[in-house]
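With mmCIF, C-alpha atoms and all ligand atoms inside, this is final_6.cif:
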```
data_my_file
#
loop_
_atom_site.label_atom_id
_atom_site.label_comp_id
_atom_site.auth_asym_id
_atom_site.auth_seq_id
_atom_site.Cartn_x
_atom_site.Cartn_y
_atom_site.Cartn_z
CA MET A 25 0.00 0.00 0.00
CA GLU A 26 1.37 3.36 -1.10
CA LEU A 27 0.89 6.00 1.60
CA THR A 28 0.25 9.66 0.72
CA PRO A 29 2.58 12.36 2.11
CA ARG A 30 -0.17 13.43 4.48
CA GLN A 31 -0.68 9.87 5.77
CA LEU A 32 3.06 9.62 6.42
CA GLN A 33 2.90 12.95 8.25
CA ILE A 34 0.01 11.65 10.38
CA ILE A 35 2.03 8.54 11.29
CA ASP A 36 4.95 10.72 12.39
CA ILE A 37 2.67 12.91 14.51
CA VAL A 38 1.11 9.86 16.19
CA LYS A 39 4.52 8.23 16.80
CA GLU A 40 5.77 11.34 18.56
CA ASN A 41 2.63 12.24 20.49
CA GLU A 42 0.75 8.99 21.18
CA PRO A 43 -1.85 8.75 22.52
CA ILE A 44 -3.22 11.64 20.50
CA THR A 45 -6.84 12.50 19.64
CA SER A 46 -8.08 13.21 16.13
CA GLU A 47 -8.75 16.85 17.16
CA GLU A 48 -5.12 17.26 18.17
CA ILE A 49 -3.86 15.66 14.93
CA ALA A 50 -6.20 17.91 12.86
CA GLU A 51 -4.93 20.94 14.75
CA LYS A 52 -1.28 20.07 14.08
CA LEU A 53 -2.04 19.64 10.37
CA ASN A 54 -4.14 22.77 10.25
CA ILE A 55 -7.10 20.91 8.72
CA SER A 56 -10.60 20.08 9.90
CA ARG A 57 -11.46 16.81 11.65
CA ALA A 58 -13.76 15.92 8.75
CA ALA A 59 -10.89 16.30 6.25
CA LEU A 60 -8.69 14.09 8.42
CA ARG A 61 -11.23 11.29 8.88
CA PRO A 62 -10.65 9.34 5.61
CA ASP A 63 -6.88 9.19 6.24
CA LEU A 64 -7.37 8.03 9.83
CA SER A 65 -9.73 5.26 8.74
CA ILE A 66 -7.30 4.07 6.08
CA LEU A 67 -4.41 4.01 8.56
CA THR A 68 -6.41 2.15 11.21
CA MET A 69 -7.81 -0.34 8.72
CA ALA A 70 -4.28 -1.00 7.47
CA GLY A 71 -3.28 -1.74 11.06
CA ILE A 72 -0.74 1.08 11.13
CA LEU A 73 -2.62 3.10 13.73
CA GLU A 74 -4.72 1.82 16.56
CA ALA A 75 -7.71 3.80 17.81
CA ARG A 76 -8.71 3.45 21.45
CA PRO A 77 -12.05 5.01 22.39
CA ARG A 78 -11.70 8.04 24.67
CA VAL A 79 -7.89 7.72 24.64
CA GLY A 80 -6.78 8.45 21.11
CA TYR A 81 -4.56 7.05 18.40
CA PHE A 82 -1.47 4.85 18.90
CA TYR A 83 1.17 3.72 16.45
CA ALA A 84 0.31 0.01 16.20
CA GLY A 85 3.48 -1.18 14.44
CA LYS A 86 5.64 -0.45 17.45
CA HIS A 87 3.23 -2.10 19.86
CA THR A 88 3.03 -5.28 17.83
CA LYS A 89 6.82 -5.51 17.87
CA ASN A 90 6.87 -4.99 21.63
CA LEU A 91 4.29 -7.72 22.10
CA ILE A 92 6.40 -10.22 20.14
CA ALA A 93 9.52 -9.22 22.10
CA GLU A 94 7.66 -9.67 25.39
CA LYS A 95 6.28 -13.04 24.34
CA ILE A 96 9.60 -14.58 23.33
CA ARG A 97 11.16 -13.38 26.54
CA GLU A 98 8.33 -14.93 28.56
CA ILE A 99 8.88 -18.39 27.06
CA LYS A 100 11.60 -20.22 28.98
CA VAL A 101 14.18 -22.71 27.73
CA ASN A 102 12.53 -25.22 30.05
CA ASP A 103 9.23 -24.91 28.12
CA ILE A 104 10.76 -25.73 24.73
CA LYS A 105 13.85 -27.88 25.37
CA SER A 106 14.02 -31.44 24.08
CA VAL A 107 15.89 -34.43 25.44
CA PRO A 108 19.66 -34.35 25.03
CA VAL A 109 21.43 -37.02 23.02
CA VAL A 110 24.68 -37.83 24.77
CA VAL A 111 27.69 -40.08 24.25
CA ARG A 112 30.50 -40.84 26.67
CA GLU A 113 33.98 -39.44 26.21
CA ASP A 114 35.40 -42.85 25.36
CA ALA A 115 32.80 -43.60 22.68
CA SER A 116 34.41 -43.94 19.24
CA VAL A 117 33.86 -41.53 16.37
CA TYR A 118 32.19 -44.45 14.55
CA ASP A 119 29.72 -44.91 17.43
CA ALA A 120 29.03 -41.19 17.47
CA ILE A 121 28.16 -41.22 13.76
CA VAL A 122 25.83 -44.19 14.29
CA THR A 123 24.19 -42.37 17.22
CA LEU A 124 23.67 -39.31 15.01
CA PHE A 125 21.68 -41.43 12.54
CA VAL A 126 19.82 -43.56 15.09
CA GLU A 127 18.76 -40.58 17.21
CA ASP A 128 18.17 -38.34 14.19
CA VAL A 129 20.06 -35.32 15.59
CA GLY A 130 22.77 -33.03 14.27
CA THR A 131 24.72 -32.42 17.47
CA LEU A 132 25.84 -34.78 20.22
CA PHE A 133 26.79 -33.82 23.74
CA VAL A 134 29.71 -35.65 25.33
CA VAL A 135 29.53 -36.45 29.02
CA HIS A 136 32.02 -37.58 31.67
CA ASP A 137 31.45 -40.79 33.65
CA ASP A 138 29.47 -38.82 36.25
CA GLY A 139 27.10 -37.55 33.53
CA SER A 140 28.44 -33.98 33.55
CA LEU A 141 29.11 -32.05 30.34
CA ALA A 142 32.52 -32.57 28.75
CA GLY A 143 32.05 -31.47 25.14
CA VAL A 144 29.99 -31.01 22.00
CA ILE A 145 30.37 -32.71 18.60
CA SER A 146 28.77 -31.36 15.45
CA ARG A 147 28.11 -33.03 12.12
CA LYS A 148 31.10 -31.31 10.56
CA ASP A 149 33.42 -32.33 13.41
CA LEU A 150 32.55 -35.93 12.52
CA LEU A 151 32.78 -35.40 8.75
CA LYS A 152 36.20 -33.79 9.13
CA ILE A 153 37.70 -36.81 10.88
CA ALA A 154 35.79 -39.31 8.72
CA ILE A 155 37.16 -38.00 5.41
CA GLY A 156 40.75 -38.36 6.64
CA ASN A 157 42.65 -41.62 6.93
CA ALA A 158 41.97 -42.01 10.62
CA ASP A 159 40.54 -45.25 11.98
CA ILE A 160 37.26 -43.88 13.28
CA ARG A 161 36.53 -47.07 15.26
CA GLN A 162 39.63 -46.45 17.36
CA ILE A 163 39.49 -42.69 17.89
CA PRO A 164 37.47 -41.56 20.92
CA VAL A 165 35.13 -38.59 20.50
CA SER A 166 37.05 -36.74 23.23
CA VAL A 167 39.82 -36.13 20.66
CA ILE A 168 37.63 -34.20 18.24
CA MET A 169 34.97 -32.58 20.44
CA THR A 170 34.80 -28.91 21.34
CA ARG A 171 35.38 -29.04 25.05
CA MET A 172 34.70 -27.19 28.26
CA PRO A 173 35.23 -24.32 29.05
CA ASN A 174 34.67 -23.30 25.43
CA LEU A 175 31.06 -24.48 25.33
CA ILE A 176 28.09 -22.21 24.88
CA THR A 177 25.32 -23.47 27.16
CA CYS A 178 21.98 -22.25 28.47
CA THR A 179 19.96 -22.81 31.62
CA PRO A 180 16.30 -23.88 31.96
CA GLU A 181 15.41 -20.49 33.47
CA GLU A 182 16.77 -18.51 30.54
CA SER A 183 14.35 -17.14 27.95
CA ALA A 184 13.84 -18.65 24.49
CA TYR A 185 15.07 -15.30 23.17
CA ASP A 186 18.39 -15.51 25.05
CA ALA A 187 19.00 -19.06 23.84
CA ALA A 188 18.17 -18.16 20.22
CA ARG A 189 20.44 -15.14 20.45
CA LYS A 190 23.34 -17.33 21.66
CA ILE A 191 22.80 -19.67 18.70
CA VAL A 192 22.96 -16.72 16.31
CA VAL A 193 25.87 -14.86 17.97
CA HIS A 194 28.08 -17.95 18.38
CA GLN A 195 27.04 -19.52 15.06
CA VAL A 196 26.25 -22.96 16.44
CA ASP A 197 23.36 -25.35 15.76
CA ALA A 198 22.65 -26.47 19.31
CA LEU A 199 23.09 -25.57 22.96
CA PRO A 200 23.19 -27.99 25.87
CA VAL A 201 20.72 -27.05 28.61
CA VAL A 202 22.61 -27.39 31.88
CA LYS A 203 22.02 -27.32 35.60
CA THR A 204 24.97 -26.35 37.77
CA GLU A 205 25.89 -28.82 40.50
CA GLU A 206 28.71 -28.96 43.00
CA ILE A 207 30.32 -32.40 43.11
CA ASN A 208 33.28 -32.87 45.51
CA GLY A 209 33.81 -29.11 45.64
CA LYS A 210 33.94 -28.88 41.84
CA ILE A 211 31.38 -27.09 39.69
CA LYS A 212 29.81 -29.54 37.21
CA TYR A 213 27.25 -28.98 34.49
CA LYS A 214 24.55 -31.63 34.41
CA VAL A 215 23.05 -31.94 30.90
CA ILE A 216 19.26 -31.84 31.17
CA GLY A 217 18.21 -30.91 27.64
CA ARG A 218 19.01 -29.36 24.30
CA ILE A 219 17.98 -26.29 22.36
CA THR A 220 18.47 -26.43 18.60
CA LYS A 221 17.81 -24.28 15.56
CA THR A 222 14.92 -26.65 14.74
CA ILE A 223 13.28 -26.03 18.12
CA ILE A 224 13.57 -22.27 17.64
CA THR A 225 12.13 -22.54 14.11
CA LYS A 226 9.20 -24.61 15.43
CA LEU A 227 8.56 -21.98 18.10
CA PHE A 228 8.64 -19.28 15.43
CA VAL A 229 6.02 -21.16 13.38
CA GLU A 230 3.88 -21.73 16.48
CA LEU A 231 3.98 -18.02 17.37
CA GLY A 232 3.16 -17.08 13.79
CA THR A 233 0.15 -19.40 13.52
CA ILE A 234 -3.11 -17.49 13.76
P1 LIG A 301 28.48 -27.81 12.00
O1 LIG A 301 29.94 -27.92 12.41
O2 LIG A 301 27.90 -29.12 11.58
O3 LIG A 301 28.24 -26.69 11.03
P2 LIG A 301 27.86 -26.18 14.35
O4 LIG A 301 27.78 -24.88 13.58
O5 LIG A 301 26.90 -26.39 15.46
O6 LIG A 301 27.68 -27.42 13.35
O7 LIG A 301 29.33 -26.35 14.93
C1 LIG A 301 30.44 -25.57 14.54
C2 LIG A 301 31.57 -25.82 15.53
O8 LIG A 301 31.21 -25.33 16.81
C3 LIG A 301 31.92 -27.30 15.71
O9 LIG A 301 33.33 -27.46 15.77
C4 LIG A 301 31.29 -27.68 17.05
O10 LIG A 301 32.05 -28.62 17.80
C5 LIG A 301 31.24 -26.36 17.79
N1 LIG A 301 30.01 -26.22 18.61
C6 LIG A 301 28.78 -26.69 18.32
N2 LIG A 301 27.92 -26.38 19.31
C7 LIG A 301 28.63 -25.72 20.24
C8 LIG A 301 28.30 -25.11 21.51
N3 LIG A 301 27.08 -25.16 22.02
N4 LIG A 301 29.30 -24.51 22.19
C9 LIG A 301 30.56 -24.45 21.68
N5 LIG A 301 30.93 -24.99 20.51
C10 LIG A 301 29.98 -25.61 19.79
#
```
Now, as a test, write the supplied structure out as structure tokens.
Amino acid sequence: MELTPRQLQIIDIVKENEPITSEEIAEKLNISRAALRPDLSILTMAGILEARPRVGYFYAGKHTKNLIAEKIREIKVNDIKSVPVVVREDASVYDAIVTLFVEDVGTLFVVHDDGSLAGVISRKDLLKIAIGNADIRQIPVSVIMTRMPNLITCTPEESAYDAARKIVVHQVDALPVVKTEEINGKIKYKVIGRITKTIITKLFVELGTI
């Protein structure tokens, strides 16, 4: 929809002065309320302005954006996480590749004997070693994984927004969801879930479904 210069001017006035009544807008434009009416109905019907009885006009675009921002911050990692797929440090690269297929995931989390997080292995980590001459049945995943403390993790209390932002900023496909525990005076990260690009995409579709 092509807006007229006056409609654009009205939007600017509302953005700066919201809430603002039609009388006040007419006054600023030096026109009568009757002359303003058609433009106001077009802008409200197009969803650009929002009219609230006895309050005035609001710029609706901004509010819609705020609503989405609020919503995705309200949703917690705990509400959307799925079960983690883990392998032990001494599992072979071959076993890890099989697990990837069997569990139908793209990222594996590697855990110590006590179940705490040791590392992450991606599809490409596995491809890289598999296309070399290495004997992938002999090499343990601990040799190729990205390890602690270089892991990007999230907690169940964090928002879906924060987790999605980490995925984008650090350019990874998945985050382990961890709970901090103290075992023998050492801080350990217990893996309790995973957040992936697929989960975020599903959430996006869910939020977009009318
Ligand atoms: P791919 O390597 O298949 O493109 P990713 O983009 O997820 O998948 O992984 C890129 C690199 O980052 C890999 O070397 C992987 O080990 C590492 N990585 C993956 N996820 C994480 C994470 N949550 N924290 C730190 N490093 C990660």
### Task
Extract, using all atoms listed in the file, all DNA, RNA and protein residues at most 12 Å from region 152-167 of chain A, discarding same-chain residues fewer than 3 positions from it, and format them as a PyMOL selection string.
chain A and resi 110-122+132-136+141-149+170-172
Take every atom of ligand LIG 301 (chain A) listed in the file, fit an axis-aligned box around them, add 8 Å per side, and give the centre and edge lengths in Å to one decimal as JSON.
```
{"center_x": 30.1, "center_y": -26.8, "center_z": 16.6, "size_x": 22.4, "size_y": 20.7, "size_z": 27.2}
```
### Query
Using all atoms listed in the file, can you list as JSON, numbers by chain the residues within 12 Å of (-10.4, 12.4, 11.2)?
{"A": [31, 34, 44, 45, 46, 47, 48, 49, 50, 51, 53, 55, 56, 57, 58, 59, 60, 61, 62, 63, 64, 65, 66, 67, 68, 75, 80, 81]}
I need the chosen residues saved as a tab-separated table (two decimals), in the frame of the given file, with C-alpha atoms.
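In the end it all went to part18.tsv:
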```
chain	number	residue	atom	x	y	z
A	31	GLN	CA	-0.68	9.87	5.77
A	34	ILE	CA	0.01	11.65	10.38
A	44	ILE	CA	-3.22	11.64	20.50
A	45	THR	CA	-6.84	12.50	19.64
A	46	SER	CA	-8.08	13.21	16.13
A	47	GLU	CA	-8.75	16.85	17.16
A	48	GLU	CA	-5.12	17.26	18.17
A	49	ILE	CA	-3.86	15.66	14.93
A	50	ALA	CA	-6.20	17.91	12.86
A	51	GLU	CA	-4.93	20.94	14.75
A	53	LEU	CA	-2.04	19.64	10.37
A	55	ILE	CA	-7.10	20.91	8.72
A	56	SER	CA	-10.60	20.08	9.90
A	57	ARG	CA	-11.46	16.81	11.65
A	58	ALA	CA	-13.76	15.92	8.75
A	59	ALA	CA	-10.89	16.30	6.25
A	60	LEU	CA	-8.69	14.09	8.42
A	61	ARG	CA	-11.23	11.29	8.88
A	62	PRO	CA	-10.65	9.34	5.61
A	63	ASP	CA	-6.88	9.19	6.24
A	64	LEU	CA	-7.37	8.03	9.83
A	65	SER	CA	-9.73	5.26	8.74
A	66	ILE	CA	-7.30	4.07	6.08
A	67	LEU	CA	-4.41	4.01	8.56
A	68	THR	CA	-6.41	2.15	11.21
A	75	ALA	CA	-7.71	3.80	17.81
A	80	GLY	CA	-6.78	8.45	21.11
A	81	TYR	CA	-4.56	7.05	18.40
```
### Long-range neighbours of region 104-108 of chain A as a count of residues only, 12 Å cut-off, all atoms listed in the file, 5 positions minimum in chain
47
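Rounded to one decimal, CA of Ile35 (chain A) and CA of Leu73 (chain A) lie 7.6 Å from each other.
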### Message
For a quick check of understanding, using all atoms listed in the file, which of A:Ile37, A:Leu27, A:Met169, A:Leu32 has the smallest distance to ligand LIG 301 (chain A)?
### Response
A:Met169
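Between CA of Asn174 (chain A) and CA of Tyr213 (chain A) the interatomic distance comes to 13.0 Å.
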